[in-house]
>>> print(open('entry.txt').read())   # compact mmCIF, C-alpha atoms
# COMPACT_ATOMS: atom_id res chain seq x y z
CA MET A 1 0.00 0.00 0.00
CA SER A 2 1.12 3.54 -0.68
CA ASN A 3 2.17 5.49 2.35
CA ILE A 4 0.35 8.64 3.42
CA PRO A 5 2.69 11.17 5.07
CA PRO A 6 1.97 11.52 8.81
CA SER A 7 -0.15 14.37 10.14
CA PRO A 8 1.76 17.53 11.11
CA VAL A 9 0.14 17.23 14.57
CA THR A 10 0.78 13.51 15.18
CA HIS A 11 2.54 14.34 18.46
CA ALA A 12 -0.68 15.88 19.79
CA PHE A 13 -2.74 12.70 19.48
CA SER A 14 -1.56 11.28 22.82
CA GLY A 15 -2.87 14.41 24.55
CA ILE A 16 -6.46 14.10 23.31
CA GLN A 17 -8.99 13.89 26.15
CA TRP A 18 -12.45 12.79 25.05
CA ASP A 19 -14.52 13.89 28.06
CA PRO A 20 -14.11 17.68 27.58
CA MET A 21 -14.87 17.47 23.84
CA GLN A 22 -18.64 17.72 24.10
CA LYS A 23 -18.88 18.92 20.50
CA LEU A 24 -18.18 15.35 19.39
CA ARG A 25 -21.32 14.09 21.18
CA LEU A 26 -19.65 10.82 22.13
CA THR A 27 -21.44 8.38 24.42
CA ASN A 28 -19.60 6.75 27.31
CA PRO A 29 -19.35 3.38 25.48
CA GLU A 30 -17.88 5.18 22.44
CA LYS A 31 -15.27 6.92 24.60
CA LEU A 32 -14.45 3.59 26.21
CA LEU A 33 -13.97 2.00 22.79
CA LEU A 34 -11.62 4.81 21.68
CA ARG A 35 -9.56 4.47 24.88
CA SER A 36 -9.42 0.69 24.52
CA ALA A 37 -8.19 1.02 20.95
CA GLU A 38 -5.44 3.38 22.11
CA ALA A 39 -4.33 0.91 24.79
CA ASN A 40 -4.14 -2.11 22.47
CA PRO A 41 -2.58 -3.03 19.11
CA ILE A 42 -4.89 -2.23 16.18
CA ASP A 43 -5.04 -5.91 15.22
CA TYR A 44 -6.58 -6.66 18.63
CA THR A 45 -9.27 -4.02 18.13
CA LEU A 46 -10.08 -5.52 14.73
CA SER A 47 -10.06 -9.12 15.93
CA ASN A 48 -13.75 -9.76 15.22
CA THR A 49 -16.33 -8.31 12.85
CA ASP A 50 -18.62 -6.69 15.43
CA GLU A 51 -15.83 -4.84 17.24
CA SER A 52 -14.17 -3.87 13.96
CA THR A 53 -17.37 -2.30 12.62
CA ALA A 54 -18.15 -0.61 15.95
CA TYR A 55 -14.68 0.96 16.03
CA VAL A 56 -14.75 2.35 12.50
CA LYS A 57 -18.24 3.77 13.10
CA VAL A 58 -16.96 5.65 16.15
CA ILE A 59 -13.94 6.94 14.22
CA LEU A 60 -16.20 8.10 11.39
CA LYS A 61 -18.53 9.76 13.92
CA VAL A 62 -15.56 11.62 15.39
CA LEU A 63 -14.60 12.74 11.89
CA ALA A 64 -18.16 13.84 11.12
CA GLU A 65 -18.50 15.94 14.27
CA ALA A 66 -14.96 17.38 14.19
CA SER A 67 -14.86 18.38 10.53
CA GLY A 68 -18.34 19.92 10.56
CA ALA A 69 -19.73 22.04 7.73
CA SER A 70 -17.77 25.22 8.46
CA GLY A 71 -14.83 24.47 6.18
CA PRO A 72 -11.17 23.76 7.01
CA SER A 73 -9.98 24.08 10.60
CA SER A 74 -8.54 27.44 11.64
CA ASN A 75 -4.91 26.41 12.20
CA VAL A 76 -4.15 22.73 11.68
CA SER A 77 -5.39 22.69 8.08
CA HIS A 78 -2.68 25.19 7.08
CA LEU A 79 0.25 23.19 8.46
CA LYS A 80 2.66 21.70 5.94
CA GLU A 81 5.47 20.28 8.09
CA PRO A 82 5.40 18.09 11.23
CA LEU A 83 5.38 20.07 14.47
CA PRO A 84 7.58 19.21 17.46
CA GLU A 85 5.69 17.78 20.42
CA ASP A 86 5.31 21.01 22.40
CA GLU A 87 3.93 22.94 19.42
CA ALA A 88 1.67 20.07 18.38
CA LEU A 89 0.18 19.87 21.90
CA GLN A 90 -0.40 23.62 21.80
CA MET A 91 -2.49 23.08 18.67
CA LEU A 92 -4.69 20.78 20.74
CA TYR A 93 -5.76 23.87 22.69
CA THR A 94 -5.87 26.44 19.87
CA ASP A 95 -7.53 24.17 17.28
CA PRO A 96 -8.80 20.99 18.97
CA MET A 97 -11.21 20.00 16.18
CA GLY A 98 -8.42 20.33 13.62
CA VAL A 99 -6.25 17.94 15.64
CA VAL A 100 -9.15 15.51 16.15
CA THR A 101 -9.92 15.55 12.40
CA HIS A 102 -6.33 14.50 11.70
CA TYR A 103 -6.54 11.89 14.46
CA ALA A 104 -9.64 10.31 12.91
CA ILE A 105 -8.09 10.19 9.44
CA THR A 106 -4.91 8.65 10.86
CA LYS A 107 -6.79 5.97 12.80
CA LEU A 108 -8.95 5.10 9.81
CA TYR A 109 -5.81 4.76 7.69
CA ASP A 110 -4.38 2.39 10.33
CA VAL A 111 -7.59 0.32 10.10
CA ILE A 112 -7.35 0.13 6.30
CA VAL A 113 -3.70 -0.96 6.42
CA CYS A 114 -4.43 -3.62 9.05
CA LEU A 115 -7.43 -5.05 7.18
CA LYS A 116 -5.57 -5.12 3.87
CA GLU A 117 -2.80 -7.15 5.48
CA LYS A 118 -5.18 -9.83 6.78
CA SER A 119 -5.36 -13.09 4.85
CA ALA A 120 -8.22 -13.80 2.46
CA ALA A 121 -9.50 -16.42 4.90
CA SER A 122 -9.83 -13.92 7.75
CA GLU A 123 -13.28 -13.39 9.25
CA VAL A 124 -12.61 -9.65 9.44
CA SER A 125 -12.14 -7.75 6.18
CA LEU A 126 -12.93 -4.44 4.53
CA GLY A 127 -16.16 -6.00 3.29
CA SER A 128 -17.27 -7.25 6.70
CA THR A 129 -16.26 -4.00 8.42
CA PHE A 130 -17.62 -1.32 6.10
CA TYR A 131 -20.66 -3.10 4.66
CA ASN A 132 -23.87 -3.99 6.52
CA ASP A 133 -24.27 -7.60 7.55
CA GLY A 134 -27.90 -7.75 6.35
CA ASP A 135 -28.28 -6.05 2.97
CA ARG A 136 -24.49 -5.94 2.31
CA ASN A 137 -24.76 -2.24 1.44
CA LEU A 138 -22.05 0.29 2.29
CA ILE A 139 -22.54 1.66 5.82
CA ASP A 140 -24.03 5.17 5.93
CA GLU A 141 -21.22 6.44 8.16
CA TRP A 142 -18.82 6.73 5.18
CA ARG A 143 -20.23 10.13 4.14
CA PRO A 144 -17.96 12.40 6.25
CA LEU A 145 -15.03 11.18 4.13
CA LEU A 146 -16.59 12.73 1.05
CA ARG A 147 -17.37 15.93 2.94
CA VAL A 148 -13.71 16.27 3.96
CA LEU A 149 -12.78 16.24 0.26
CA HIS A 150 -14.99 19.29 -0.31
CA LEU A 151 -13.88 21.41 2.66
CA GLY A 152 -13.63 24.56 0.55
CA GLY A 153 -11.22 27.42 1.11
CA SER A 154 -7.61 26.29 1.05
CA GLY A 155 -8.66 22.80 2.13
CA ASP A 156 -6.61 20.53 4.39
CA ALA A 157 -4.06 18.58 2.38
CA PHE A 158 -3.43 15.86 4.98
CA ALA A 159 -7.11 15.27 5.73
CA GLN A 160 -8.13 15.30 2.07
CA ARG A 161 -5.32 13.02 0.91
CA GLY A 162 -6.03 10.57 3.72
CA ALA A 163 -9.82 10.67 3.36
CA ALA A 164 -9.61 10.03 -0.38
CA TYR A 165 -7.15 7.17 0.07
CA CYS A 166 -9.25 5.48 2.77
CA LEU A 167 -12.47 5.97 0.81
CA ALA A 168 -10.88 4.42 -2.28
CA HIS A 169 -10.02 1.22 -0.39
CA ILE A 170 -13.43 1.06 1.27
CA LEU A 171 -15.26 1.45 -2.05
CA MET A 172 -13.01 -0.94 -3.94
CA ALA A 173 -14.01 -3.66 -1.49
CA GLY A 174 -17.48 -3.40 -3.03
CA CYS A 175 -16.34 -3.62 -6.66
CA PRO A 176 -17.09 -7.02 -8.25
CA SER A 177 -13.56 -7.22 -9.70
CA GLN A 178 -12.02 -6.96 -6.23
CA GLN A 179 -14.14 -9.51 -4.38
CA PRO A 180 -12.56 -12.95 -3.83
CA VAL A 181 -14.02 -15.57 -6.17
CA SER A 182 -13.64 -18.30 -3.56
CA SER A 183 -15.20 -16.31 -0.70
CA LYS A 184 -17.96 -18.20 1.12
CA SER A 185 -19.57 -15.01 2.42
CA ARG A 186 -22.19 -13.14 0.43
CA LYS A 187 -20.88 -10.54 -1.97
CA VAL A 188 -21.21 -6.91 -0.92
CA SER A 189 -23.56 -4.69 -2.90
CA TYR A 190 -21.93 -2.84 -5.80
CA GLU A 191 -25.10 -0.76 -6.23
CA SER A 192 -24.34 1.02 -2.96
CA VAL A 193 -20.78 1.73 -4.16
CA GLU A 194 -21.31 3.13 -7.66
CA GLU A 195 -22.50 6.61 -6.69
CA PRO A 196 -19.84 7.22 -3.99
CA LEU A 197 -17.14 5.89 -6.33
CA GLN A 198 -18.27 8.25 -9.08
CA ALA A 199 -18.21 11.13 -6.57
CA LEU A 200 -14.64 10.23 -5.57
CA ILE A 201 -13.55 10.01 -9.22
CA SER A 202 -15.20 13.39 -9.90
CA TRP A 203 -13.24 14.96 -7.04
CA ILE A 204 -9.99 13.50 -8.40
CA THR A 205 -10.63 14.84 -11.91
CA SER A 206 -11.56 18.26 -10.50
CA GLN A 207 -8.20 18.35 -8.70
CA LEU A 208 -6.37 17.32 -11.87
CA GLN A 209 -7.99 20.20 -13.77
CA SER A 210 -5.80 22.52 -11.72
CA SER A 211 -2.32 23.07 -13.13
CA ALA A 212 -0.75 23.16 -9.67
CA SER A 213 1.63 20.28 -8.94
CA SER A 214 0.21 20.13 -5.41
CA SER A 215 -3.12 19.02 -6.89
CA LEU A 216 -1.42 16.03 -8.51
CA SER A 217 0.38 15.04 -5.30
CA LEU A 218 -2.93 15.33 -3.42
CA VAL A 219 -4.61 12.63 -5.51
CA THR A 220 -1.68 10.40 -6.53
CA PRO A 221 -1.97 7.80 -3.69
CA THR A 222 -5.72 7.46 -4.28
CA LEU A 223 -5.43 7.33 -8.05
CA THR A 224 -2.70 4.69 -7.85
CA THR A 225 -4.97 2.59 -5.63
CA LEU A 226 -8.06 2.95 -7.81
CA MET A 227 -6.34 2.02 -11.05
CA SER A 228 -6.24 -1.64 -9.95
CA SER A 229 -10.04 -1.65 -10.27
CA PRO A 230 -11.53 -1.95 -13.79
CA GLU A 231 -14.71 -0.27 -12.54
CA ALA A 232 -12.76 2.77 -11.33
CA ARG A 233 -10.61 2.90 -14.48
CA ILE A 234 -13.70 3.08 -16.68
CA MET A 235 -15.22 5.86 -14.55
CA PHE A 236 -11.93 7.78 -14.60
CA SER A 237 -11.67 7.49 -18.38
CA ASN A 238 -15.31 8.51 -18.89
CA SER A 239 -14.75 11.56 -16.67
CA GLY A 240 -11.91 12.80 -18.89
CA GLY A 241 -9.36 12.03 -16.22
CA ILE A 242 -6.77 10.54 -18.59
CA GLY A 243 -6.50 13.81 -20.50
CA TYR A 244 -6.08 15.86 -17.32
CA LEU A 245 -3.47 13.43 -15.97
CA SER A 246 -1.55 13.46 -19.26
CA ARG A 247 -1.40 17.26 -19.14
CA HIS A 248 0.19 17.10 -15.69
CA LEU A 249 2.71 14.50 -16.82
CA ARG A 250 3.65 16.53 -19.92
CA SER A 251 4.00 19.65 -17.78
CA GLY A 252 6.24 17.80 -15.32
CA SER A 253 8.38 16.48 -18.16
CA ARG A 254 8.85 19.96 -19.65
CA GLY A 255 9.73 21.33 -16.20
CA GLY A 256 12.38 18.65 -15.78
CA LYS A 257 13.91 19.44 -19.18
CA ARG A 258 14.09 23.16 -18.35
CA ILE A 259 15.88 22.41 -15.10
CA ALA A 260 18.34 20.11 -16.90
CA GLY A 261 18.92 22.78 -19.54
CA ASN A 262 19.75 25.36 -16.91
CA GLY A 263 22.22 23.04 -15.16
>>> encode(input="entry.txt", output="C-alpha cells")
Amino acid sequence: MSNIPPSPVTHAFSGIQWDPMQKLRLTNPEKLLLRSAEANPIDYTLSNTDESTAYVKVILKVLAEASGASGPSSNVSHLKEPLPEDEALQMLYTDPMGVVTHYAITKLYDVIVCLKEKSAASEVSLGSTFYNDGDRNLIDEWRPLLRVLHLGGSGDAFAQRGAAYCLAHILMAGCPSQQPVSSKSRKVSYESVEEPLQALISWITSQLQSSASSSLSLVTPTLTTLMSSPEARIMFSNSGGIGYLSRHLRSGSRGGKRIAGNG
C-alpha cells in the first residue's frame, strides 16, 4: 500500500482527552472504545467483525463531528510540516477540532492498512467491516469522508489526501472485480458503491484540472490505488481524467527538461 505522510500534529494525538470534547457528542461506550483502541494493538481491536465495525463507526462519527460544515480548521489545516511535540500539543488547545480531524483520518488509515494485510481467509475484512451484515450495502457512516474532500477554502491537504485514500479502499471492497471468487460469504452490494465511487472520481478529476503540482500530489496515492479496479478505471476514463493526468505529466516532463537545460 502507498504510504500517506503523517499528520503535522501527530505528536498531539496522545494528549487528546475525550470527556471535555462535548462537541463530538460521544457516548460513554464510544469513549471507552476509543480508549481501549489506544491501549491495544490495532489488530486486537479488529479481531472480530462486530468490534471492527463498531470501532470504525466511532472513528467516522468523530470525523463527522470534528470536521463539521464550516470548512477547514482554523490552524491545523494550514500546516505543511510536522510540528515538534510542544507545538503540536499547543495546537490541541488552539484548534482541537483540527487535531481531532487529523486523528480520525490517521486511525482510519491504520484500520485500512491492518485489514488489507489480513489473509483472504480472515473473518474480518474491509467487506465485513464497512458493509452492513444484512443487505451488504455500504454503511451510511462513510459520508464524512466525502465531505472532507470538499472542505472549501484552502482545504486541508493531509485530511483530504487521507480521506480520499481510505475511501478508495473502502469502495473498492465493493467492486465485483475486487471480491474474492472463492469467498464463502455473500458478496457486498456494488449498487451502494457506484454513486460514492463516481463522486470520488469526480473529485480526483476536478483536482487534476488545476495546473498546480500540489493538486497532482494530493490525488496520486488514491489514483494509484483505484487504477487496480476496472470499474474505477472506466469511470476515470469517462470523466476525462486521462486527459487531465496526461497534461500534468507533460508539464512535469517539460519542467524537468528546463531544469536540466539550466544546469
>>> closest_residue(input="entry.txt", among="A:Thr94, A:Asn238, A:Ala173, A:Leu138", to="Glu195 in chain A", atoms="all atoms listed in the file")
A:Leu138
>>> closest_residue(input="entry.txt", among="A:Ser67, A:Ser229, A:Ser52, A:Gln160", to="Ser215 in chain A", atoms="only C-alpha atoms")
A:Gln160
>>> atom_distance(input="entry.txt", atom1="CA of Leu46 in chain A", atom2="CA of Ser192 in chain A")
23.6 Å
>>> residues_around(input="entry.txt", residues="Thr53 in chain A", least_positions_apart="5", cutoff="8 Å", atoms="only C-alpha atoms", output="list in words")
Ser128, Thr129 and Phe130 of chain A
>>> write_last_selection(input="entry.txt", atoms="C-alpha atoms", output="PDB file, in the frame of the given file")
ATOM      1  CA  SER A 128     -17.270  -7.250   6.700  1.00  0.00           C
ATOM      2  CA  THR A 129     -16.260  -4.000   8.420  1.00  0.00           C
ATOM      3  CA  PHE A 130     -17.620  -1.320   6.100  1.00  0.00           C
TER       4      PHE A 130
END
>>> residues_around(input="entry.txt", residues="range 6-10 of chain A", least_positions_apart="5", cutoff="6 Å", atoms="only C-alpha atoms", output="ChimeraX atom specification")
/A:81-83,88
>>> atom_distance(input="entry.txt", atom1="CA of Leu126 in chain A", atom2="CA of Thr27 in chain A")
25.1 Å
>>> residues_around(input="entry.txt", residues="Ile105 in chain A", least_positions_apart="2", cutoff="7 Å", atoms="all atoms listed in the file", output="list in words")
Thr101, His102, Tyr103, Lys107, Leu108, Tyr109, Ala159, Gly162 and Ala163 of chain A
>>> closest_residue(input="entry.txt", among="A:Ile59, A:Ile139, A:Ala104, A:Ala12", to="Met91 in chain A", atoms="all atoms listed in the file")
A:Ala12
>>> atom_distance(input="entry.txt", atom1="CA of Gly15 in chain A", atom2="CA of Leu92 in chain A")
7.6 Å
>>> closest_residue(input="entry.txt", among="A:Ala120, A:Val111, A:Val148, A:Met227", to="Pro72 in chain A", atoms="all atoms listed in the file")
A:Val148
>>> decode(input="entry.txt", residues="range 139-169 of chain A", atoms="N, CA, C and O atoms", output="tab-separated table (two decimals), in the first residue's frame")
chain	number	residue	atom	x	y	z
A	139	ILE	N	-21.98	1.00	4.63
A	139	ILE	CA	-22.54	1.66	5.82
A	139	ILE	C	-22.71	3.16	5.56
A	139	ILE	O	-21.91	3.78	4.85
A	140	ASP	N	-23.74	3.75	6.15
A	140	ASP	CA	-24.03	5.17	5.93
A	140	ASP	C	-22.95	6.08	6.49
A	140	ASP	O	-22.81	7.24	6.06
A	141	GLU	N	-22.20	5.59	7.47
A	141	GLU	CA	-21.22	6.44	8.16
A	141	GLU	C	-20.05	6.87	7.29
A	141	GLU	O	-19.21	7.66	7.73
A	142	TRP	N	-19.94	6.38	6.06
A	142	TRP	CA	-18.82	6.73	5.18
A	142	TRP	C	-18.86	8.19	4.74
A	142	TRP	O	-17.84	8.77	4.35
A	143	ARG	N	-20.02	8.83	4.78
A	143	ARG	CA	-20.23	10.13	4.14
A	143	ARG	C	-19.30	11.26	4.59
A	143	ARG	O	-18.94	12.12	3.77
A	144	PRO	N	-18.89	11.33	5.87
A	144	PRO	CA	-17.96	12.40	6.25
A	144	PRO	C	-16.66	12.40	5.44
A	144	PRO	O	-16.05	13.46	5.26
A	145	LEU	N	-16.25	11.24	4.94
A	145	LEU	CA	-15.03	11.18	4.13
A	145	LEU	C	-15.18	12.01	2.87
A	145	LEU	O	-14.25	12.73	2.46
A	146	LEU	N	-16.34	11.95	2.25
A	146	LEU	CA	-16.59	12.73	1.05
A	146	LEU	C	-16.67	14.22	1.38
A	146	LEU	O	-16.19	15.06	0.63
A	147	ARG	N	-17.26	14.53	2.54
A	147	ARG	CA	-17.37	15.93	2.94
A	147	ARG	C	-16.00	16.55	3.17
A	147	ARG	O	-15.77	17.73	2.84
A	148	VAL	N	-15.07	15.77	3.73
A	148	VAL	CA	-13.71	16.27	3.96
A	148	VAL	C	-13.06	16.66	2.63
A	148	VAL	O	-12.30	17.64	2.56
A	149	LEU	N	-13.36	15.92	1.57
A	149	LEU	CA	-12.78	16.24	0.26
A	149	LEU	C	-13.23	17.60	-0.24
A	149	LEU	O	-12.53	18.27	-0.99
A	150	HIS	N	-14.41	18.03	0.18
A	150	HIS	CA	-14.99	19.29	-0.31
A	150	HIS	C	-15.04	20.33	0.80
A	150	HIS	O	-16.04	21.01	0.99
A	151	LEU	N	-13.93	20.47	1.53
A	151	LEU	CA	-13.88	21.41	2.66
A	151	LEU	C	-14.01	22.86	2.23
A	151	LEU	O	-14.44	23.71	2.98
A	152	GLY	N	-13.60	23.17	1.01
A	152	GLY	CA	-13.63	24.56	0.55
A	152	GLY	C	-12.42	25.32	1.05
A	152	GLY	O	-11.56	24.79	1.75
A	153	GLY	N	-12.36	26.60	0.71
A	153	GLY	CA	-11.22	27.42	1.11
A	153	GLY	C	-9.92	26.85	0.60
A	153	GLY	O	-9.84	26.36	-0.54
A	154	SER	N	-8.90	26.85	1.45
A	154	SER	CA	-7.61	26.29	1.05
A	154	SER	C	-7.52	24.80	1.35
A	154	SER	O	-6.50	24.17	1.10
A	155	GLY	N	-8.62	24.23	1.87
A	155	GLY	CA	-8.66	22.80	2.13
A	155	GLY	C	-7.76	22.39	3.29
A	155	GLY	O	-7.33	23.20	4.10
A	156	ASP	N	-7.48	21.12	3.37
A	156	ASP	CA	-6.61	20.53	4.39
A	156	ASP	C	-5.94	19.35	3.71
A	156	ASP	O	-6.51	18.27	3.60
A	157	ALA	N	-4.72	19.57	3.23
A	157	ALA	CA	-4.06	18.58	2.38
A	157	ALA	C	-3.96	17.21	3.04
A	157	ALA	O	-4.24	16.18	2.42
A	158	PHE	N	-3.56	17.16	4.32
A	158	PHE	CA	-3.43	15.86	4.98
A	158	PHE	C	-4.78	15.16	5.07
A	158	PHE	O	-4.90	13.98	4.73
A	159	ALA	N	-5.79	15.88	5.55
A	159	ALA	CA	-7.11	15.27	5.73
A	159	ALA	C	-7.70	14.83	4.41
A	159	ALA	O	-8.28	13.74	4.30
A	160	GLN	N	-7.55	15.64	3.37
A	160	GLN	CA	-8.13	15.30	2.07
A	160	GLN	C	-7.40	14.13	1.42
A	160	GLN	O	-8.03	13.23	0.87
A	161	ARG	N	-6.09	14.14	1.48
A	161	ARG	CA	-5.32	13.02	0.91
A	161	ARG	C	-5.66	11.72	1.62
A	161	ARG	O	-5.89	10.69	0.98
A	162	GLY	N	-5.73	11.77	2.94
A	162	GLY	CA	-6.03	10.57	3.72
A	162	GLY	C	-7.46	10.10	3.54
A	162	GLY	O	-7.71	8.90	3.41
A	163	ALA	N	-8.41	11.03	3.53
A	163	ALA	CA	-9.82	10.67	3.36
A	163	ALA	C	-10.05	10.02	2.00
A	163	ALA	O	-10.76	9.01	1.90
A	164	ALA	N	-9.45	10.58	0.96
A	164	ALA	CA	-9.61	10.03	-0.38
A	164	ALA	C	-9.01	8.64	-0.48
A	164	ALA	O	-9.61	7.72	-1.06
A	165	TYR	N	-7.84	8.46	0.12
A	165	TYR	CA	-7.15	7.17	0.07
A	165	TYR	C	-7.96	6.10	0.80
A	165	TYR	O	-8.15	4.98	0.29
A	166	CYS	N	-8.45	6.44	2.00
A	166	CYS	CA	-9.25	5.48	2.77
A	166	CYS	C	-10.55	5.15	2.05
A	166	CYS	O	-10.95	3.99	1.96
A	167	LEU	N	-11.21	6.18	1.51
A	167	LEU	CA	-12.47	5.97	0.81
A	167	LEU	C	-12.27	5.08	-0.41
A	167	LEU	O	-13.11	4.22	-0.71
A	168	ALA	N	-11.16	5.25	-1.11
A	168	ALA	CA	-10.88	4.42	-2.28
A	168	ALA	C	-10.82	2.94	-1.90
A	168	ALA	O	-11.43	2.09	-2.56
A	169	HIS	N	-10.12	2.62	-0.82
A	169	HIS	CA	-10.02	1.22	-0.39
A	169	HIS	C	-11.36	0.67	0.08
A	169	HIS	O	-11.70	-0.49	-0.19
